[in-house]
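Shown below: data.csv, with CSV, C-alpha atoms and all ligand atoms.
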chain,number,residue,atom,x,y,z
A,192,MET,CA,150.0,174.3,124.5
A,193,ILE,CA,148.9,170.9,123.1
A,194,PRO,CA,150.8,168.1,125.0
A,195,LEU,CA,152.1,165.0,123.4
A,196,ALA,CA,150.3,162.6,125.6
A,197,LYS,CA,148.1,162.5,128.7
A,198,PRO,CA,146.9,159.6,130.8
A,199,TYR,CA,143.1,159.1,131.1
A,200,LEU,CA,142.5,159.1,134.9
A,201,THR,CA,139.2,160.0,136.6
A,202,GLU,CA,137.5,160.1,139.9
A,203,ASP,CA,137.1,156.3,139.6
A,204,GLU,CA,140.8,155.7,139.9
A,205,ALA,CA,141.2,158.3,142.7
A,206,LYS,CA,138.4,156.7,144.7
A,207,ALA,CA,139.9,153.2,144.2
A,208,ALA,CA,143.3,154.4,145.5
A,209,HIS,CA,141.6,156.2,148.4
A,210,ASP,CA,139.7,153.0,149.5
A,211,VAL,CA,142.9,150.9,149.4
A,212,VAL,CA,144.8,153.4,151.5
A,213,LEU,CA,142.1,153.4,154.1
A,214,SER,CA,141.9,149.5,154.1
A,215,ASN,CA,145.5,149.5,155.5
A,216,TRP,CA,146.6,146.8,153.0
A,217,VAL,CA,148.7,148.8,150.7
A,218,THR,CA,151.4,146.5,149.4
A,219,GLN,CA,150.8,143.4,147.2
A,220,GLY,CA,147.6,141.8,148.3
A,221,PRO,CA,144.0,141.2,147.3
A,222,LYS,CA,143.8,144.0,144.7
A,223,VAL,CA,147.0,142.7,143.0
A,224,GLN,CA,145.4,139.3,142.8
A,225,GLU,CA,142.1,140.7,141.4
A,226,PHE,CA,144.0,142.8,138.8
A,227,GLU,CA,146.0,139.8,137.7
A,228,GLU,CA,142.8,137.6,137.3
A,229,LYS,CA,141.0,140.4,135.3
A,230,PHE,CA,144.0,141.1,133.1
A,231,ALA,CA,144.6,137.4,132.3
A,232,LYS,CA,140.9,137.1,131.4
A,233,TYR,CA,141.0,140.3,129.3
A,234,VAL,CA,144.0,139.1,127.1
A,235,GLY,CA,142.9,135.4,127.1
A,236,SER,CA,145.9,133.9,128.9
A,237,LYS,CA,145.7,131.5,131.8
A,238,TYR,CA,147.8,133.5,134.3
A,239,ALA,CA,149.1,137.0,134.8
A,240,VAL,CA,151.8,138.2,137.2
A,241,ALA,CA,151.8,141.9,138.3
A,242,LEU,CA,155.1,143.6,138.8
A,243,SER,CA,156.7,146.9,139.6
A,244,ASN,CA,157.2,147.9,135.9
A,245,CYS,CA,157.8,146.4,132.5
A,246,THR,CA,161.5,146.5,132.8
A,247,THR,CA,161.4,144.1,135.8
A,248,ALA,CA,158.8,142.0,133.9
A,249,LEU,CA,161.3,141.7,131.0
A,250,HIS,CA,164.1,140.9,133.5
A,251,LEU,CA,162.2,138.1,135.2
A,252,SER,CA,161.0,136.8,131.7
A,253,MET,CA,164.7,136.4,130.7
A,254,ILE,CA,165.4,134.5,133.9
A,255,VAL,CA,162.5,132.0,133.6
A,256,ALA,CA,163.4,131.5,129.9
A,257,GLY,CA,166.8,130.4,131.1
A,258,VAL,CA,168.8,133.3,129.6
A,259,GLY,CA,172.2,133.9,131.4
A,260,LYS,CA,175.9,134.5,131.0
A,261,GLY,CA,177.3,133.5,127.6
A,262,ASP,CA,173.9,133.5,125.9
A,263,GLU,CA,172.8,135.8,123.1
A,264,VAL,CA,169.3,137.3,122.7
A,265,ILE,CA,168.2,138.9,119.5
A,266,CYS,CA,166.1,142.0,119.7
A,267,PRO,CA,165.6,145.3,117.8
A,268,SER,CA,167.9,148.2,118.7
A,269,MET,CA,165.1,150.4,117.7
A,270,SER,CA,163.1,150.4,120.9
A,271,TYR,CA,163.1,152.0,124.3
A,272,ILE,CA,166.5,151.2,125.9
A,273,ALA,CA,164.9,149.0,128.6
A,274,THR,CA,164.3,146.3,126.0
A,275,ALA,CA,168.0,145.7,125.5
A,276,ASN,CA,168.9,146.5,129.2
A,277,SER,CA,166.8,143.6,130.4
A,278,ILE,CA,169.1,141.2,128.5
A,279,LEU,CA,172.2,142.7,130.0
A,280,TYR,CA,170.8,142.3,133.5
A,281,THR,CA,171.2,138.6,133.1
A,282,SER,CA,174.8,139.0,131.8
A,283,ALA,CA,173.7,137.8,128.4
A,284,THR,CA,174.4,139.8,125.2
A,285,PRO,CA,171.8,141.7,123.1
A,286,VAL,CA,172.2,141.1,119.4
A,287,PHE,CA,170.5,143.8,117.4
A,288,ALA,CA,168.3,143.1,114.4
A,289,GLU,CA,167.0,145.5,111.8
A,290,VAL,CA,163.3,146.6,111.6
A,291,ASP,CA,160.9,146.7,108.7
A,292,HIS,CA,160.8,150.3,107.4
A,293,LYS,CA,157.0,150.4,107.2
A,294,THR,CA,156.0,149.1,110.7
A,295,TYR,CA,159.3,149.7,112.6
A,296,ASN,CA,158.8,146.1,113.8
A,297,ILE,CA,161.7,143.5,114.0
A,298,ASP,CA,162.6,142.0,110.7
A,299,ALA,CA,162.3,138.1,110.8
A,300,LYS,CA,164.7,137.5,107.9
A,301,HIS,CA,167.4,139.6,109.5
A,302,ALA,CA,166.8,138.1,112.9
A,303,GLU,CA,167.2,134.6,111.4
A,304,GLN,CA,170.6,135.6,109.9
A,305,LEU,CA,171.8,136.6,113.4
A,306,ILE,CA,171.1,133.2,115.0
A,307,THR,CA,174.3,131.5,116.3
A,308,PRO,CA,174.8,128.4,118.6
A,309,LYS,CA,174.8,130.9,121.5
A,310,THR,CA,171.3,132.3,120.7
A,311,LYS,CA,168.9,131.5,123.5
A,312,ALA,CA,165.9,133.7,122.8
A,313,ILE,CA,164.3,136.3,120.6
A,314,LEU,CA,162.8,139.4,122.2
A,315,ILE,CA,160.3,141.0,119.9
A,316,VAL,CA,158.8,144.4,120.5
A,317,HIS,CA,155.3,145.5,119.4
A,318,GLN,CA,156.4,148.9,118.3
A,319,ILE,CA,154.4,151.8,119.7
A,320,GLY,CA,151.4,149.4,119.9
A,321,MET,CA,151.7,147.8,116.4
A,322,PRO,CA,151.9,144.1,116.7
A,323,ALA,CA,155.0,142.4,115.3
A,324,ASP,CA,154.4,139.3,113.1
A,325,ILE,CA,154.2,136.9,116.1
A,326,ASP,CA,153.6,133.8,113.9
A,327,ALA,CA,156.8,134.4,112.0
A,328,PHE,CA,158.8,134.5,115.2
A,329,THR,CA,157.0,131.5,116.8
A,330,ASP,CA,158.0,129.5,113.7
A,331,LEU,CA,161.6,130.8,113.8
A,332,CYS,CA,161.9,129.9,117.5
A,333,LYS,CA,160.5,126.4,116.9
A,334,LYS,CA,162.9,125.8,114.1
A,335,TYR,CA,166.0,126.8,116.1
A,336,ASN,CA,164.7,125.7,119.5
A,337,LEU,CA,164.7,129.3,121.0
A,338,LYS,CA,162.5,131.0,123.6
A,339,LEU,CA,160.2,133.8,122.4
A,340,ILE,CA,159.6,136.8,124.7
A,341,GLU,CA,157.3,139.7,123.7
A,342,ASP,CA,157.9,143.2,124.9
A,343,ALA,CA,154.3,144.4,124.8
A,344,ALA,CA,155.1,147.5,126.9
A,345,CYS,CA,153.0,149.7,124.6
A,346,ALA,CA,150.6,147.0,123.3
A,347,ALA,CA,147.8,146.6,125.9
A,348,GLY,CA,144.6,146.5,123.9
A,349,SER,CA,146.3,145.7,120.5
A,350,SER,CA,145.6,142.4,118.8
A,351,TYR,CA,147.1,140.1,116.3
A,352,LYS,CA,145.0,137.8,114.0
A,353,GLY,CA,141.9,138.5,116.0
A,354,GLU,CA,143.4,137.7,119.4
A,355,LYS,CA,144.5,140.2,122.1
A,356,ILE,CA,148.3,140.7,122.6
A,357,GLY,CA,149.1,138.6,125.7
A,358,SER,CA,147.5,135.4,124.5
A,359,HIS,CA,149.9,134.2,121.8
A,360,SER,CA,153.1,133.1,123.6
A,361,GLU,CA,154.4,132.2,127.0
A,362,LEU,CA,156.1,135.4,128.2
A,363,VAL,CA,154.4,138.7,127.3
A,364,CYS,CA,155.4,141.8,129.2
A,365,PHE,CA,153.2,144.9,129.6
A,366,SER,CA,153.9,148.4,131.0
A,367,PHE,CA,151.5,150.7,132.9
A,368,HIS,CA,153.8,153.8,132.8
A,369,PRO,CA,151.7,156.9,132.2
A,370,ARG,CA,153.1,157.2,128.6
A,371,LYS,CA,151.5,153.9,127.7
A,372,ILE,CA,147.8,153.0,127.1
A,373,ILE,CA,146.6,152.5,130.7
A,374,THR,CA,148.5,153.4,133.8
A,375,THR,CA,149.1,152.5,137.4
A,376,GLY,CA,151.7,155.3,137.9
A,377,ASP,CA,154.5,152.7,137.3
A,378,GLY,CA,153.6,149.1,136.9
A,379,GLY,CA,154.0,146.0,134.8
A,380,MET,CA,152.4,142.6,134.0
A,381,ILE,CA,153.5,139.3,132.5
A,382,THR,CA,150.9,137.1,130.9
A,383,THR,CA,151.5,133.4,130.4
A,384,SER,CA,149.7,130.1,130.1
A,385,ASN,CA,152.7,128.1,131.3
A,386,GLU,CA,152.1,127.0,134.9
A,387,GLU,CA,155.8,126.4,135.6
A,388,TYR,CA,156.7,129.9,134.5
A,389,TYR,CA,153.8,131.3,136.5
A,390,ASN,CA,154.9,129.7,139.8
A,391,LYS,CA,158.6,130.7,139.2
A,392,LEU,CA,157.7,134.3,138.4
A,393,LYS,CA,155.6,134.6,141.6
A,394,LEU,CA,158.6,133.4,143.6
A,395,LEU,CA,161.1,135.6,141.8
A,396,ARG,CA,159.1,138.8,142.3
A,397,GLN,CA,158.9,138.4,146.1
A,398,HIS,CA,162.3,137.5,147.4
A,399,GLY,CA,161.9,133.8,146.5
A,400,MET,CA,159.3,133.5,149.3
A,401,SER,CA,157.3,130.2,149.3
A,402,ILE,CA,154.2,131.7,150.9
A,403,ASN,CA,153.0,135.2,150.1
A,404,ASP,CA,151.7,137.7,152.7
A,405,ARG,CA,148.1,137.4,151.6
A,406,VAL,CA,148.0,133.6,152.1
A,407,ARG,CA,149.9,133.8,155.4
A,408,HIS,CA,147.6,136.5,156.9
A,409,SER,CA,144.4,134.7,155.8
A,410,SER,CA,145.4,131.3,157.2
A,411,ASP,CA,143.9,130.0,160.5
A,412,LYS,CA,147.0,127.9,161.0
A,413,ILE,CA,150.5,129.2,161.7
A,414,LEU,CA,152.5,129.2,158.5
A,415,PHE,CA,156.3,129.8,158.1
A,416,GLU,CA,157.6,130.9,154.7
A,417,GLU,CA,160.8,129.6,153.2
A,418,HIS,CA,163.1,131.4,150.8
A,419,VAL,CA,163.7,128.8,148.1
A,420,LEU,CA,165.7,130.9,145.6
A,421,VAL,CA,167.4,134.3,145.4
A,422,GLY,CA,164.6,136.5,144.3
A,423,TYR,CA,163.9,140.2,144.0
A,424,ASN,CA,161.5,142.8,145.3
A,425,TYR,CA,159.6,143.5,142.0
A,426,ARG,CA,156.1,143.8,143.6
A,427,MET,CA,153.2,145.9,142.5
A,428,THR,CA,151.3,147.5,145.4
A,429,ASP,CA,147.6,147.2,146.0
A,430,VAL,CA,147.2,151.0,145.5
A,431,GLN,CA,148.6,150.6,142.0
A,432,ALA,CA,146.5,147.5,141.3
A,433,ALA,CA,143.3,149.2,142.4
A,434,ILE,CA,144.0,152.0,139.9
A,435,GLY,CA,144.8,149.3,137.3
A,436,ILE,CA,141.5,147.5,137.7
A,437,LYS,CA,139.6,150.8,136.9
A,438,GLN,CA,141.9,151.5,134.0
A,439,LEU,CA,141.4,148.0,132.6
A,440,GLU,CA,137.6,148.6,132.5
A,441,LYS,CA,138.3,151.5,130.2
A,442,LEU,CA,141.0,149.9,128.0
A,443,ASP,CA,138.8,148.9,125.0
A,444,TRP,CA,137.1,152.3,125.0
A,445,ILE,CA,140.4,154.1,125.2
A,446,VAL,CA,141.8,152.1,122.2
A,447,GLN,CA,138.6,152.8,120.2
A,448,GLU,CA,138.9,156.6,120.9
A,449,ARG,CA,142.6,156.6,120.0
A,450,ARG,CA,141.9,154.8,116.7
A,451,LYS,CA,139.2,157.4,115.8
A,452,ILE,CA,141.7,160.2,116.3
A,453,ALA,CA,144.4,158.3,114.3
A,454,MET,CA,141.9,157.8,111.4
A,455,GLN,CA,141.2,161.5,111.4
A,456,TYR,CA,145.0,162.2,111.1
A,457,ILE,CA,145.3,159.6,108.4
A,458,ASN,CA,142.4,160.9,106.3
A,459,ALA,CA,143.5,164.5,106.6
A,460,LEU,CA,147.2,163.9,105.9
A,461,LYS,CA,147.2,161.0,103.4
A,462,ASP,CA,147.6,163.3,100.4
A,463,ILE,CA,150.8,164.9,101.6
A,464,ASP,CA,153.4,163.4,99.3
A,465,CYS,CA,156.5,163.9,101.4
A,466,ILE,CA,155.3,161.8,104.4
A,467,GLU,CA,154.5,158.2,105.2
A,468,LEU,CA,151.7,157.4,107.7
A,469,PRO,CA,151.3,154.3,109.9
A,470,ILE,CA,150.1,151.3,108.0
A,471,GLU,CA,148.0,148.6,109.6
A,472,ALA,CA,148.2,145.4,107.5
A,473,GLN,CA,145.4,142.8,107.5
A,474,GLY,CA,145.3,140.9,110.8
A,475,PHE,CA,147.2,143.6,112.7
A,476,TYR,CA,145.2,145.9,115.1
A,477,THR,CA,147.1,148.7,116.8
A,478,ASN,CA,146.1,150.8,119.8
A,479,TYR,CA,148.1,153.8,118.4
A,480,GLN,CA,150.1,154.2,121.6
A,481,SER,CA,152.0,156.8,119.5
A,482,PHE,CA,151.3,158.2,116.1
A,483,SER,CA,154.6,158.4,114.2
A,484,ILE,CA,155.0,160.1,110.9
A,485,TYR,CA,158.0,159.4,108.6
A,486,LEU,CA,159.4,162.3,106.6
A,487,LYS,CA,160.7,161.3,103.2
A,488,LYS,CA,163.7,162.8,101.4
A,489,ASN,CA,161.6,165.2,99.4
A,490,CYS,CA,160.3,167.1,102.5
A,491,ASN,CA,161.1,170.8,102.3
A,492,VAL,CA,161.7,171.0,106.0
A,493,SER,CA,164.0,168.9,108.2
A,494,ARG,CA,162.5,166.8,111.0
A,495,ASN,CA,164.1,169.0,113.7
A,496,ASP,CA,163.0,172.3,112.0
A,497,LEU,CA,159.5,170.8,111.8
A,498,MET,CA,159.5,170.0,115.5
A,499,GLN,CA,160.6,173.5,116.4
A,500,LYS,CA,158.1,175.2,114.1
A,501,LEU,CA,155.3,173.1,115.7
A,502,LEU,CA,156.5,173.9,119.1
A,503,ASP,CA,156.4,177.6,118.2
A,504,LYS,CA,152.7,177.1,117.4
A,505,GLY,CA,152.1,175.4,120.8
A,506,ILE,CA,152.2,171.8,119.6
A,507,ALA,CA,154.5,169.4,121.5
A,508,THR,CA,156.1,166.6,119.4
A,509,ARG,CA,158.8,164.0,120.0
A,510,ARG,CA,161.4,162.2,117.9
A,511,GLY,CA,160.5,158.8,116.7
A,512,ILE,CA,161.6,155.6,118.5
A,513,MET,CA,165.2,155.6,119.6
A,514,ASN,CA,168.1,153.3,118.6
A,515,SER,CA,169.7,151.7,121.7
A,516,HIS,CA,173.0,150.9,119.9
A,517,ARG,CA,173.7,154.6,119.4
A,518,GLU,CA,173.4,155.5,123.1
A,519,LYS,CA,176.5,156.1,125.1
A,520,ALA,CA,175.8,153.2,127.4
A,521,TYR,CA,176.0,150.8,124.4
A,522,LEU,CA,178.8,152.6,122.5
A,523,ASP,CA,180.8,152.2,125.7
A,524,LEU,CA,180.1,148.4,125.6
A,525,GLY,CA,181.6,148.3,122.1
A,526,TYR,CA,178.4,148.4,120.0
A,527,LYS,CA,179.1,149.8,116.6
A,528,ASP,CA,176.3,148.2,114.6
A,529,TYR,CA,175.3,149.9,111.5
A,530,LEU,CA,171.5,149.4,111.1
A,531,PRO,CA,170.6,151.8,108.3
A,532,ILE,CA,166.9,151.2,108.4
A,533,SER,CA,166.6,151.7,112.1
A,534,GLU,CA,168.8,154.7,112.1
A,535,ASP,CA,167.0,156.4,109.2
A,536,ALA,CA,163.6,155.8,110.8
A,537,ALA,CA,164.8,157.2,114.1
A,538,ASP,CA,166.3,160.3,112.4
A,539,ASN,CA,163.4,161.1,110.2
A,540,SER,CA,160.3,160.4,112.1
A,541,ILE,CA,158.1,162.6,114.4
A,542,VAL,CA,155.5,161.6,117.0
A,543,ILE,CA,152.5,163.9,117.2
A,544,PRO,CA,150.0,164.4,120.0
A,545,LEU,CA,147.4,161.7,120.6
A,546,TYR,CA,145.5,161.2,123.8
A,547,VAL,CA,142.0,160.7,125.2
A,548,PRO,CA,139.9,162.8,125.3
A,549,MET,CA,141.4,165.2,122.7
A,550,ASN,CA,139.2,168.1,121.6
A,551,ALA,CA,138.3,168.6,118.0
A,552,ASP,CA,139.9,172.1,117.8
A,553,ASP,CA,143.3,170.7,118.9
A,554,ILE,CA,143.1,167.9,116.3
A,555,ASN,CA,142.2,170.3,113.6
A,556,SER,CA,144.9,172.8,114.5
A,557,ILE,CA,147.6,170.0,114.4
A,558,ILE,CA,146.3,169.0,110.9
A,559,LYS,CA,146.2,172.6,109.7
A,560,GLU,CA,149.8,173.3,110.9
A,561,PHE,CA,151.1,170.1,109.4
A,562,LYS,CA,149.5,170.9,106.0
A,563,GLU,CA,150.8,174.5,106.0
A,564,LEU,CA,154.3,173.4,106.8
A,565,LEU,CA,154.5,170.4,104.5
A,566,LEU,CA,152.2,171.0,101.5
B,601,LIG,C1,158.2,151.9,128.2
B,601,LIG,C2,158.8,150.7,127.6
B,601,LIG,C3,159.5,149.8,128.4
B,601,LIG,C4,159.8,150.0,129.9
B,601,LIG,O1,158.6,150.0,130.6
B,601,LIG,P1,158.6,150.5,132.2
B,601,LIG,O2,157.2,150.1,132.7
B,601,LIG,O3,158.8,152.0,132.2
B,601,LIG,O4,159.7,149.8,132.8
B,601,LIG,C5,160.1,148.7,127.8
B,601,LIG,N1,160.0,148.5,126.5
B,601,LIG,C6,159.3,149.3,125.7
B,601,LIG,C7,159.2,149.0,124.2
B,601,LIG,C8,158.7,150.5,126.2
B,601,LIG,O5,158.1,151.3,125.4
Please go through the file and, once you have read it, give me the structure as structure tokens.
Ligand SMILES: *Cc1c(COP(=O)(O)O)cnc(C)c1O
Amino acid sequence: MIPLAKPYLTEDEAKAAHDVVLSNWVTQGPKVQEFEEKFAKYVGSKYAVALSNCTTALHLSMIVAGVGKGDEVICPSMSYIATANSILYTSATPVFAEVDHKTYNIDAKHAEQLITPKTKAILIVHQIGMPADIDAFTDLCKKYNLKLIEDAACAAGSSYKGEKIGSHSELVCFSFHPRKIITTGDGGMITTSNEEYYNKLKLLRQHGMSINDRVRHSSDKILFEEHVLVGYNYRMTDVQAAIGIKQLEKLDWIVQERRKIAMQYINALKDIDCIELPIEAQGFYTNYQSFSIYLKKNCNVSRNDLMQKLLDKGIATRRGIMNSHREKAYLDLGYKDYLPISEDAADNSIVIPLYVPMNADDINSIIKEFKELLL
């Protein structure tokens, strides 16, 4: 069986976790601080704040951006459901924008049409690692005085116009779930160069506590913490951070290897007339967190039949990116949006296996089956 995805974890990560366990400092502490400093340096931002996952990173980003009851936040429906949920957590309303058919990324023109006096922010998603057009949204947010938040859950190691994702705007949220590019089991990170956001995020993730454990324990004077606002427990642990530090060292290599496999797929499948392959425009550099193929109307096999036939041959696949507005949770809230491009893309795309390391026989057998079923 060829799986869809596999994290790249080695003895390095196992040893790092082992050492933290035996150090007795297992919750947020020195390893979290080290991971944050290294991650900020890697993306080129001033600060990074480690969190329990990307969903909590998005939630806190909404809060520091000032999103709350009565506000609207524009985002794509076509994304993992956590994107839209993070807006609902603040009692604000997600307003769903269409995506571009070729990149699955949020369409700036449609987003602009959805702006109302209630709009507070735009939450863009770098879809399965492919950067959205950040400059277009930076301009739009300036023009209408809105906050920009980036859901970069899948985009660690991707870049836009020569700079790493995480360096362009003030609230960029990453995920370290095993299905993403690097993993800490679960885990998340916000990168920012805004000092005010940085300080508020650190308070919010740890119960609003004015002094964190690491500082208190290393002080030679007695210190008493205060709780200055109603915060959360959204901490990352030092066990996770130690794994993350090792993963970060491998990130650029993992992305390069993923891109080599993606190029093999593209070269082998580009002549099949009934499919569309991922397109990387000038200035956009993707980590290929997923490799999604769109099936055109002239395909002689339906998407679901193709998935079943590949499964019969021992190849795992998944549907393309979901649409949040079609899930029961959102239908129950009264969402009925008709987003033809998002819906068509979700219904007619298939994600094929891509992980590191992937052996050549497996890559070749996926290519062979695809050609047999579609040519
Ligand atoms: C995975 C994912 C999330 C959620 O990340 P977690 O770390 O699992 O909370 C949010 N947005 C997108 C686009 C994702 O792919």
Sorted by chain and rising residue number, list the residues of region 465-551 of chain A at most 10 Å from region 345-359 of chain A (counting only C-alpha atoms), each with its closest atom pair and distance in Å to one decimal, as CSV.
residue,atom,partner,partner_atom,distance
A:Gln473,CA,A:Lys352,CA,8.2
A:Gly474,CA,A:Lys352,CA,4.5
A:Phe475,CA,A:Tyr351,CA,5.0
A:Tyr476,CA,A:Ser350,CA,5.1
A:Thr477,CA,A:Ser349,CA,4.8
A:Asn478,CA,A:Ser349,CA,5.2
A:Tyr479,CA,A:Ser349,CA,8.6
A:Gln480,CA,A:Cys345,CA,6.1
A:Ser481,CA,A:Cys345,CA,8.8
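The list of residues within 8 Å of (144.2, 145.3, 146.5), counted using all atoms listed in the file, is Val211, Trp216, Val217, Thr218, Gln219, Gly220, Pro221, Lys222, Val223, Gln224, Glu225, Thr428, Asp429, Val430, Ala432 and Ala433 of chain A.
Between Ala239 (chain A) and the residues A:Ile558, A:Ile543, A:Val363, A:Ala472, the shortest atom-to-atom distance, using all atoms listed in the file, involves A:Val363.
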Problem set entry | Point-to-point distance in Å for CA of Asn514 (chain A) and CA of Lys487 (chain A) |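 Separating CA of Lys487 (chain A) from CA of Asn514 (chain A) is a distance of 18.9 Å.
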Could you give me the residues within 10 Å of ligand LIG 601 (chain B), counting all atoms listed in the file, as a PDB file with C-alpha atoms, keeping the file's coordinate frame?
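Result written to out35.pdb:
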ATOM      1  CA  LEU A 242     155.100 143.600 138.800  1.00  0.00           C
ATOM      2  CA  SER A 243     156.700 146.900 139.600  1.00  0.00           C
ATOM      3  CA  ASN A 244     157.200 147.900 135.900  1.00  0.00           C
ATOM      4  CA  CYS A 245     157.800 146.400 132.500  1.00  0.00           C
ATOM      5  CA  THR A 246     161.500 146.500 132.800  1.00  0.00           C
ATOM      6  CA  THR A 247     161.400 144.100 135.800  1.00  0.00           C
ATOM      7  CA  ALA A 248     158.800 142.000 133.900  1.00  0.00           C
ATOM      8  CA  LEU A 249     161.300 141.700 131.000  1.00  0.00           C
ATOM      9  CA  HIS A 250     164.100 140.900 133.500  1.00  0.00           C
ATOM     10  CA  PRO A 267     165.600 145.300 117.800  1.00  0.00           C
ATOM     11  CA  MET A 269     165.100 150.400 117.700  1.00  0.00           C
ATOM     12  CA  SER A 270     163.100 150.400 120.900  1.00  0.00           C
ATOM     13  CA  TYR A 271     163.100 152.000 124.300  1.00  0.00           C
ATOM     14  CA  ILE A 272     166.500 151.200 125.900  1.00  0.00           C
ATOM     15  CA  ALA A 273     164.900 149.000 128.600  1.00  0.00           C
ATOM     16  CA  THR A 274     164.300 146.300 126.000  1.00  0.00           C
ATOM     17  CA  ALA A 275     168.000 145.700 125.500  1.00  0.00           C
ATOM     18  CA  ASN A 276     168.900 146.500 129.200  1.00  0.00           C
ATOM     19  CA  SER A 277     166.800 143.600 130.400  1.00  0.00           C
ATOM     20  CA  ILE A 315     160.300 141.000 119.900  1.00  0.00           C
ATOM     21  CA  VAL A 316     158.800 144.400 120.500  1.00  0.00           C
ATOM     22  CA  HIS A 317     155.300 145.500 119.400  1.00  0.00           C
ATOM     23  CA  GLN A 318     156.400 148.900 118.300  1.00  0.00           C
ATOM     24  CA  ILE A 319     154.400 151.800 119.700  1.00  0.00           C
ATOM     25  CA  GLY A 320     151.400 149.400 119.900  1.00  0.00           C
ATOM     26  CA  GLU A 341     157.300 139.700 123.700  1.00  0.00           C
ATOM     27  CA  ASP A 342     157.900 143.200 124.900  1.00  0.00           C
ATOM     28  CA  ALA A 343     154.300 144.400 124.800  1.00  0.00           C
ATOM     29  CA  ALA A 344     155.100 147.500 126.900  1.00  0.00           C
ATOM     30  CA  CYS A 345     153.000 149.700 124.600  1.00  0.00           C
ATOM     31  CA  ALA A 346     150.600 147.000 123.300  1.00  0.00           C
ATOM     32  CA  CYS A 364     155.400 141.800 129.200  1.00  0.00           C
ATOM     33  CA  PHE A 365     153.200 144.900 129.600  1.00  0.00           C
ATOM     34  CA  SER A 366     153.900 148.400 131.000  1.00  0.00           C
ATOM     35  CA  PHE A 367     151.500 150.700 132.900  1.00  0.00           C
ATOM     36  CA  HIS A 368     153.800 153.800 132.800  1.00  0.00           C
ATOM     37  CA  PRO A 369     151.700 156.900 132.200  1.00  0.00           C
ATOM     38  CA  ARG A 370     153.100 157.200 128.600  1.00  0.00           C
ATOM     39  CA  LYS A 371     151.500 153.900 127.700  1.00  0.00           C
ATOM     40  CA  THR A 374     148.500 153.400 133.800  1.00  0.00           C
ATOM     41  CA  THR A 375     149.100 152.500 137.400  1.00  0.00           C
ATOM     42  CA  GLY A 376     151.700 155.300 137.900  1.00  0.00           C
ATOM     43  CA  ASP A 377     154.500 152.700 137.300  1.00  0.00           C
ATOM     44  CA  GLY A 378     153.600 149.100 136.900  1.00  0.00           C
ATOM     45  CA  GLY A 379     154.000 146.000 134.800  1.00  0.00           C
ATOM     46  CA  MET A 380     152.400 142.600 134.000  1.00  0.00           C
ATOM     47  CA  GLN A 480     150.100 154.200 121.600  1.00  0.00           C
ATOM     48  CA  ILE A 512     161.600 155.600 118.500  1.00  0.00           C
TER      49      ILE A 512
END
Problem set entry | Residue nearest Leu524 (chain A) among A:Met192, A:Ser540, A:Leu420, A:Leu279 (counting all atoms listed in the file) | A:Leu279
For this session: Take CA of Lys461 (chain A) and CA of Lys559 (chain A) and report the distance between them in Å, one decimal.
Result: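 Taking CA of Lys461 (chain A) as the start and CA of Lys559 (chain A) as the end point, the length is 13.2 Å.
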For this session: Give me, please, the distance in Å between CA of Lys391 (chain A) and CA of Val264 (chain A), quoted to one decimal.
Result: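 Distance reported for this atom pair: 20.7 Å.
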Could I get the residues of region 223-267 of chain A with an atom no further than 9 Å from an atom of region 439-444 of chain A, each paired with its nearest atom pair and that distance in Å to one decimal, using all atoms listed in the file, sorted by chain and residue number, as CSV?
residue,atom,partner,partner_atom,distance
A:Phe226,CA,A:Leu439,CA,8.5
A:Lys229,CA,A:Leu439,CA,8.1
A:Phe230,CA,A:Leu439,CA,7.4
A:Tyr233,CA,A:Leu439,CA,8.4
Exercise. At most 12 Å from (132.7, 155.5, 139.5), file frame, only C-alpha atoms: which residues, as a VMD selection string?
Worked result: chain A and resid 200 to 207 434 437 to 438 440 to 441
Problem set entry | Shortest interatomic distance to Tyr529 (chain A) - which of A:Ala208, A:Ile457, A:Ala283, A:Ala288, counting all atoms listed in the file |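 Comparing A:Ala208, A:Ile457, A:Ala283, A:Ala288 against Tyr529 (chain A), the winner is A:Ala288.
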Problem set entry | Counting all atoms listed in the file, the option among A:Leu460, A:Cys465, A:Ala537, A:Val255 closest to Ile557 (chain A) |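 Using all atoms listed in the file, the shortest distance to Ile557 (chain A) belongs to A:Leu460.
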Any idea what's packed within 8 Å of Phe328 (chain A), counting all atoms listed in the file, ignoring anything in its chain fewer than 2 positions away? Could you give it as a tab-separated table (two decimals) with C-alpha atoms, keeping the file's coordinate frame?
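This went into result_21.tsv:
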chain	number	residue	atom	x	y	z
A	299	ALA	CA	162.30	138.10	110.80
A	313	ILE	CA	164.30	136.30	120.60
A	324	ASP	CA	154.40	139.30	113.10
A	325	ILE	CA	154.20	136.90	116.10
A	326	ASP	CA	153.60	133.80	113.90
A	330	ASP	CA	158.00	129.50	113.70
A	331	LEU	CA	161.60	130.80	113.80
A	332	CYS	CA	161.90	129.90	117.50
A	339	LEU	CA	160.20	133.80	122.40
Problem set entry | Given all atoms listed in the file as the counted atoms, nearest of A:Ala536, A:Leu486, A:Ala196, A:Leu251 to Ile506 (chain A) |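 Closest candidate: A:Ala196.
Closest to Ile484 (chain A) among A:Tyr546, A:Tyr280, A:Tyr295, A:Tyr238 is A:Tyr295, based on all atoms listed in the file.
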Problem set entry | Nearby residues (only C-alpha atoms) at most 7 Å from Val290 (chain A), same-chain spacing under 6 positions excluded, as an MDAnalysis selection string | chainID A and resid 267 296:298 532:533
Given 4 Å of margin on each side, can you work out the centre and size in Å (one decimal) of an axis-aligned box holding every listed atom of region 266-269 of chain A, as JSON?
{"center_x": 166.5, "center_y": 146.2, "center_z": 118.7, "size_x": 10.8, "size_y": 16.4, "size_z": 10.0}
